Amino acid sequence: MSVKQISVFLENRTGRLAEITGLLGDHGINIRALSLADTADFGILRLIVDKVDEAKGVLREQGFTFGETEVLAVEVPDVPGGLARILRALTQERVNVEYMYACVMSPTQSAVMVFRFDDPQQALGALAKHEIRTLTGKALYGI
């Protein structure tokens with residue numbers, strides 16, 4: 001039940017983020033979630049998009065350097081302590097979180113967190129054991 005994430009390496013300069021988001025938009029590719037981490041010289045733009053293969057083709061044609069990573073999308077109850085409960089369950093099962101970021105869903109009683117784990121299979125087992133729902137790529141791409 002993993003989700004495909006595209007990580008794009010960008011020079012840290014004015015307009016570069018607008019360029020890539022515009023490029024994807026011009027090709028009818030919808031961004032479902034994103035995270036941007038930067039240093040002085042470059043940034044890593046992590047994207048969940050609705051058309052993964054098309055996005056990779058567009059990025060490749062335009063000369064962007066990118067990679068594809070499997071991540072998990074976890075449904076988080078939109079209540080105080082909802083995320084803490086999930087993180088406690090992962091800690092109890094000794095699952096390491098490499099990074100995470102949130103994405104927006106249509107108005108519901110839940111939020112979605114995108115997680116990258118050092119051991120995705122262990123994480124899936126831990127989440128299932130604690131009855132924590134994960135979303136398929138198809139479900140997340142279609143939000």
# chains A, B, ... in the order shown; residues from 1 in each chain; ligands from 1
call {"tool": "residues_around", "arguments": {"residues": "segment 14-20 of chain A", "least_positions_apart": "3", "cutoff": "10 Å", "atoms": "only C-alpha atoms", "output": "VMD selection string"}}
result
chain A and resid 8 10 to 11 23 to 26 36 43 45 58 to 59 62 64
call {"tool": "write_last_selection", "arguments": {"atoms": "N, CA and C atoms", "output": "short mmCIF file (atom, residue, chain, number, x, y, z; two decimals), in the first residue's frame"}}
result
data_model
loop_
_atom_site.label_atom_id
_atom_site.label_comp_id
_atom_site.auth_asym_id
_atom_site.auth_seq_id
_atom_site.Cartn_x
_atom_site.Cartn_y
_atom_site.Cartn_z
N VAL A 8 12.58 15.93 -6.56
CA VAL A 8 13.25 16.71 -7.59
C VAL A 8 14.32 17.57 -6.93
N LEU A 10 16.51 20.78 -6.97
CA LEU A 10 16.40 22.12 -7.55
C LEU A 10 17.51 23.02 -7.06
N GLU A 11 18.01 23.87 -7.96
CA GLU A 11 18.93 24.91 -7.54
C GLU A 11 18.15 25.89 -6.67
N LEU A 23 5.27 23.99 -14.97
CA LEU A 23 5.49 22.94 -15.96
C LEU A 23 4.53 21.77 -15.74
N LEU A 24 4.41 21.34 -14.51
CA LEU A 24 3.48 20.24 -14.22
C LEU A 24 2.05 20.67 -14.50
N GLY A 25 1.68 21.86 -14.07
CA GLY A 25 0.33 22.36 -14.32
C GLY A 25 0.00 22.47 -15.79
N ASP A 26 0.97 22.95 -16.57
CA ASP A 26 0.76 23.08 -18.02
C ASP A 26 0.52 21.73 -18.69
N LEU A 36 9.17 20.87 0.68
CA LEU A 36 10.39 21.47 0.15
C LEU A 36 11.39 21.63 1.28
N GLY A 43 17.69 22.56 -3.26
CA GLY A 43 16.53 22.10 -2.50
C GLY A 43 16.07 20.75 -3.02
N LEU A 45 12.55 18.95 -3.63
CA LEU A 45 11.11 19.09 -3.71
C LEU A 45 10.51 17.69 -3.79
N VAL A 58 7.79 14.41 -18.17
CA VAL A 58 7.93 15.86 -18.34
C VAL A 58 9.23 16.34 -17.68
N LEU A 59 9.49 15.88 -16.47
CA LEU A 59 10.71 16.29 -15.77
C LEU A 59 11.95 15.84 -16.52
N GLN A 62 12.62 17.96 -19.58
CA GLN A 62 13.10 19.31 -19.26
C GLN A 62 14.44 19.31 -18.53
N PHE A 64 15.36 17.92 -15.57
CA PHE A 64 15.40 17.94 -14.11
C PHE A 64 15.99 16.63 -13.59
#
call {"tool": "select_by_dssp", "arguments": {"residues": "chain A", "states": "strand (DSSP E or B)", "output": "ChimeraX atom specification"}}
result
/A:3-11,31-38,42-49,65-77,97-103,110-117,134-135
call {"tool": "write_last_selection", "arguments": {"atoms": "C-alpha atoms", "output": "PDB file, in the first residue's frame"}}
result
ATOM      1  CA  VAL A   3       2.577   5.671  -2.666  1.00  0.00           C
ATOM      2  CA  LYS A   4       5.041   6.870  -5.302  1.00  0.00           C
ATOM      3  CA  GLN A   5       6.805  10.106  -4.428  1.00  0.00           C
ATOM      4  CA  ILE A   6       8.953  12.071  -6.856  1.00  0.00           C
ATOM      5  CA  SER A   7      11.940  13.915  -5.374  1.00  0.00           C
ATOM      6  CA  VAL A   8      13.250  16.711  -7.591  1.00  0.00           C
ATOM      7  CA  PHE A   9      16.610  18.369  -6.978  1.00  0.00           C
ATOM      8  CA  LEU A  10      16.403  22.117  -7.553  1.00  0.00           C
ATOM      9  CA  GLU A  11      18.929  24.915  -7.537  1.00  0.00           C
ATOM     10  CA  ILE A  31       0.106  18.093  -7.181  1.00  0.00           C
ATOM     11  CA  ARG A  32      -1.562  16.278  -4.278  1.00  0.00           C
ATOM     12  CA  ALA A  33       1.125  16.859  -1.638  1.00  0.00           C
ATOM     13  CA  LEU A  34       4.521  18.477  -1.471  1.00  0.00           C
ATOM     14  CA  SER A  35       7.413  19.232   0.800  1.00  0.00           C
ATOM     15  CA  LEU A  36      10.389  21.471   0.149  1.00  0.00           C
ATOM     16  CA  ALA A  37      13.645  21.194   2.067  1.00  0.00           C
ATOM     17  CA  ASP A  38      16.529  23.465   1.217  1.00  0.00           C
ATOM     18  CA  PHE A  42      19.914  23.382  -3.561  1.00  0.00           C
ATOM     19  CA  GLY A  43      16.526  22.100  -2.504  1.00  0.00           C
ATOM     20  CA  ILE A  44      14.701  18.810  -2.590  1.00  0.00           C
ATOM     21  CA  LEU A  45      11.105  19.091  -3.714  1.00  0.00           C
ATOM     22  CA  ARG A  46       9.126  16.013  -2.722  1.00  0.00           C
ATOM     23  CA  LEU A  47       5.909  15.600  -4.695  1.00  0.00           C
ATOM     24  CA  ILE A  48       2.903  13.332  -4.737  1.00  0.00           C
ATOM     25  CA  VAL A  49       1.150  13.848  -8.072  1.00  0.00           C
ATOM     26  CA  THR A  65      17.251  15.539 -11.833  1.00  0.00           C
ATOM     27  CA  PHE A  66      14.776  13.456  -9.848  1.00  0.00           C
ATOM     28  CA  GLY A  67      14.246  10.149  -8.126  1.00  0.00           C
ATOM     29  CA  GLU A  68      11.249   8.033  -7.184  1.00  0.00           C
ATOM     30  CA  THR A  69      10.653   6.816  -3.644  1.00  0.00           C
ATOM     31  CA  GLU A  70       8.016   4.628  -2.047  1.00  0.00           C
ATOM     32  CA  VAL A  71       6.290   6.318   0.904  1.00  0.00           C
ATOM     33  CA  LEU A  72       3.236   5.531   3.009  1.00  0.00           C
ATOM     34  CA  ALA A  73       0.175   7.734   3.351  1.00  0.00           C
ATOM     35  CA  VAL A  74      -1.381   7.379   6.778  1.00  0.00           C
ATOM     36  CA  GLU A  75      -4.826   8.554   7.777  1.00  0.00           C
ATOM     37  CA  VAL A  76      -4.608  10.667  10.924  1.00  0.00           C
ATOM     38  CA  PRO A  77      -7.693  11.478  12.981  1.00  0.00           C
ATOM     39  CA  VAL A  97      10.552   7.729  10.711  1.00  0.00           C
ATOM     40  CA  GLU A  98      13.014   9.255   8.222  1.00  0.00           C
ATOM     41  CA  TYR A  99      10.738  12.178   7.361  1.00  0.00           C
ATOM     42  CA  MET A 100       7.078  13.095   7.075  1.00  0.00           C
ATOM     43  CA  TYR A 101       4.817  15.830   5.790  1.00  0.00           C
ATOM     44  CA  ALA A 102       1.108  16.535   5.630  1.00  0.00           C
ATOM     45  CA  CYS A 103      -1.217  16.825   2.681  1.00  0.00           C
ATOM     46  CA  SER A 110      -9.106  12.870   9.026  1.00  0.00           C
ATOM     47  CA  ALA A 111      -5.875  14.336   7.753  1.00  0.00           C
ATOM     48  CA  VAL A 112      -3.159  12.524   5.787  1.00  0.00           C
ATOM     49  CA  MET A 113       0.513  12.322   6.688  1.00  0.00           C
ATOM     50  CA  VAL A 114       3.058  11.074   4.176  1.00  0.00           C
ATOM     51  CA  PHE A 115       5.820   9.060   5.861  1.00  0.00           C
ATOM     52  CA  ARG A 116       9.178   7.778   4.684  1.00  0.00           C
ATOM     53  CA  PHE A 117      10.392   4.900   6.862  1.00  0.00           C
ATOM     54  CA  THR A 134      -3.012   3.640   5.273  1.00  0.00           C
ATOM     55  CA  LEU A 135      -4.124   4.920   1.882  1.00  0.00           C
TER      56      LEU A 135
END
call {"tool": "residues_around", "arguments": {"residues": "segment 127-129 of chain A", "least_positions_apart": "2", "cutoff": "9 Å", "atoms": "only C-alpha atoms", "output": "PDB file with N, CA and C atoms, in the first residue's frame"}}
result
ATOM      1  N   VAL A  74      -0.703   7.864   5.587  1.00  0.00           N
ATOM      2  CA  VAL A  74      -1.381   7.379   6.778  1.00  0.00           C
ATOM      3  C   VAL A  74      -2.518   8.323   7.135  1.00  0.00           C
ATOM      4  N   ILE A  86      -0.356   7.920  16.645  1.00  0.00           N
ATOM      5  CA  ILE A  86       0.304   7.148  15.585  1.00  0.00           C
ATOM      6  C   ILE A  86       1.807   7.070  15.835  1.00  0.00           C
ATOM      7  N   ALA A  89       2.567   4.617  18.576  1.00  0.00           N
ATOM      8  CA  ALA A  89       2.454   3.232  18.094  1.00  0.00           C
ATOM      9  C   ALA A  89       3.711   2.842  17.311  1.00  0.00           C
ATOM     10  N   LEU A  90       4.200   3.729  16.468  1.00  0.00           N
ATOM     11  CA  LEU A  90       5.410   3.440  15.696  1.00  0.00           C
ATOM     12  C   LEU A  90       6.622   3.302  16.616  1.00  0.00           C
ATOM     13  N   GLN A 122       8.139  -3.139   7.911  1.00  0.00           N
ATOM     14  CA  GLN A 122       7.982  -3.111   9.360  1.00  0.00           C
ATOM     15  C   GLN A 122       6.942  -2.066   9.745  1.00  0.00           C
ATOM     16  N   ALA A 123       6.985  -0.907   9.087  1.00  0.00           N
ATOM     17  CA  ALA A 123       6.029   0.164   9.371  1.00  0.00           C
ATOM     18  C   ALA A 123       4.610  -0.280   9.041  1.00  0.00           C
ATOM     19  N   LEU A 124       4.411  -0.922   7.894  1.00  0.00           N
ATOM     20  CA  LEU A 124       3.076  -1.413   7.535  1.00  0.00           C
ATOM     21  C   LEU A 124       2.546  -2.392   8.571  1.00  0.00           C
ATOM     22  N   GLY A 125       3.400  -3.284   9.020  1.00  0.00           N
ATOM     23  CA  GLY A 125       2.999  -4.245  10.040  1.00  0.00           C
ATOM     24  C   GLY A 125       2.610  -3.561  11.342  1.00  0.00           C
ATOM     25  N   GLU A 131      -4.159  -0.915  14.124  1.00  0.00           N
ATOM     26  CA  GLU A 131      -5.385  -0.551  13.402  1.00  0.00           C
ATOM     27  C   GLU A 131      -5.360   0.892  12.911  1.00  0.00           C
ATOM     28  N   ILE A 132      -4.214   1.275  12.343  1.00  0.00           N
ATOM     29  CA  ILE A 132      -4.040   2.607  11.759  1.00  0.00           C
ATOM     30  C   ILE A 132      -4.135   2.445  10.248  1.00  0.00           C
ATOM     31  N   ARG A 133      -5.031   3.184   9.655  1.00  0.00           N
ATOM     32  CA  ARG A 133      -5.340   3.040   8.223  1.00  0.00           C
ATOM     33  C   ARG A 133      -4.298   3.737   7.358  1.00  0.00           C
ATOM     34  N   THR A 134      -3.866   3.045   6.302  1.00  0.00           N
ATOM     35  CA  THR A 134      -3.012   3.640   5.273  1.00  0.00           C
ATOM     36  C   THR A 134      -3.839   3.766   3.997  1.00  0.00           C
TER      37      THR A 134
END
call {"tool": "select_by_dssp", "arguments": {"residues": "segment 46-129 of chain A", "states": "alpha helix (DSSP H)", "output": "number ranges by chain"}}
result
A: 52-61, 82-92, 120-129
call {"tool": "atom_distance", "arguments": {"atom1": "atom CA of Asn30 of chain A", "atom2": "atom CA of Asn12 of chain A"}}
result
23.0 Å
call {"tool": "closest_residue", "arguments": {"among": "A:His27, A:Arg94, A:Arg60, A:Ala139", "to": "Ala126 of chain A", "atoms": "only C-alpha atoms"}}
result
A:Arg94
call {"tool": "atom_distance", "arguments": {"atom1": "atom CA of Ile29 of chain A", "atom2": "atom CA of Lys51 of chain A"}}
result
6.0 Å
call {"tool": "atom_distance", "arguments": {"atom1": "atom CA of Thr21 of chain A", "atom2": "atom CA of Tyr141 of chain A"}}
result
16.4 Å
call {"tool": "closest_residue", "arguments": {"among": "A:Gly22, A:Gly28, A:Gly82, A:Pro120", "to": "Val52 of chain A", "atoms": "only C-alpha atoms"}}
result
A:Gly28
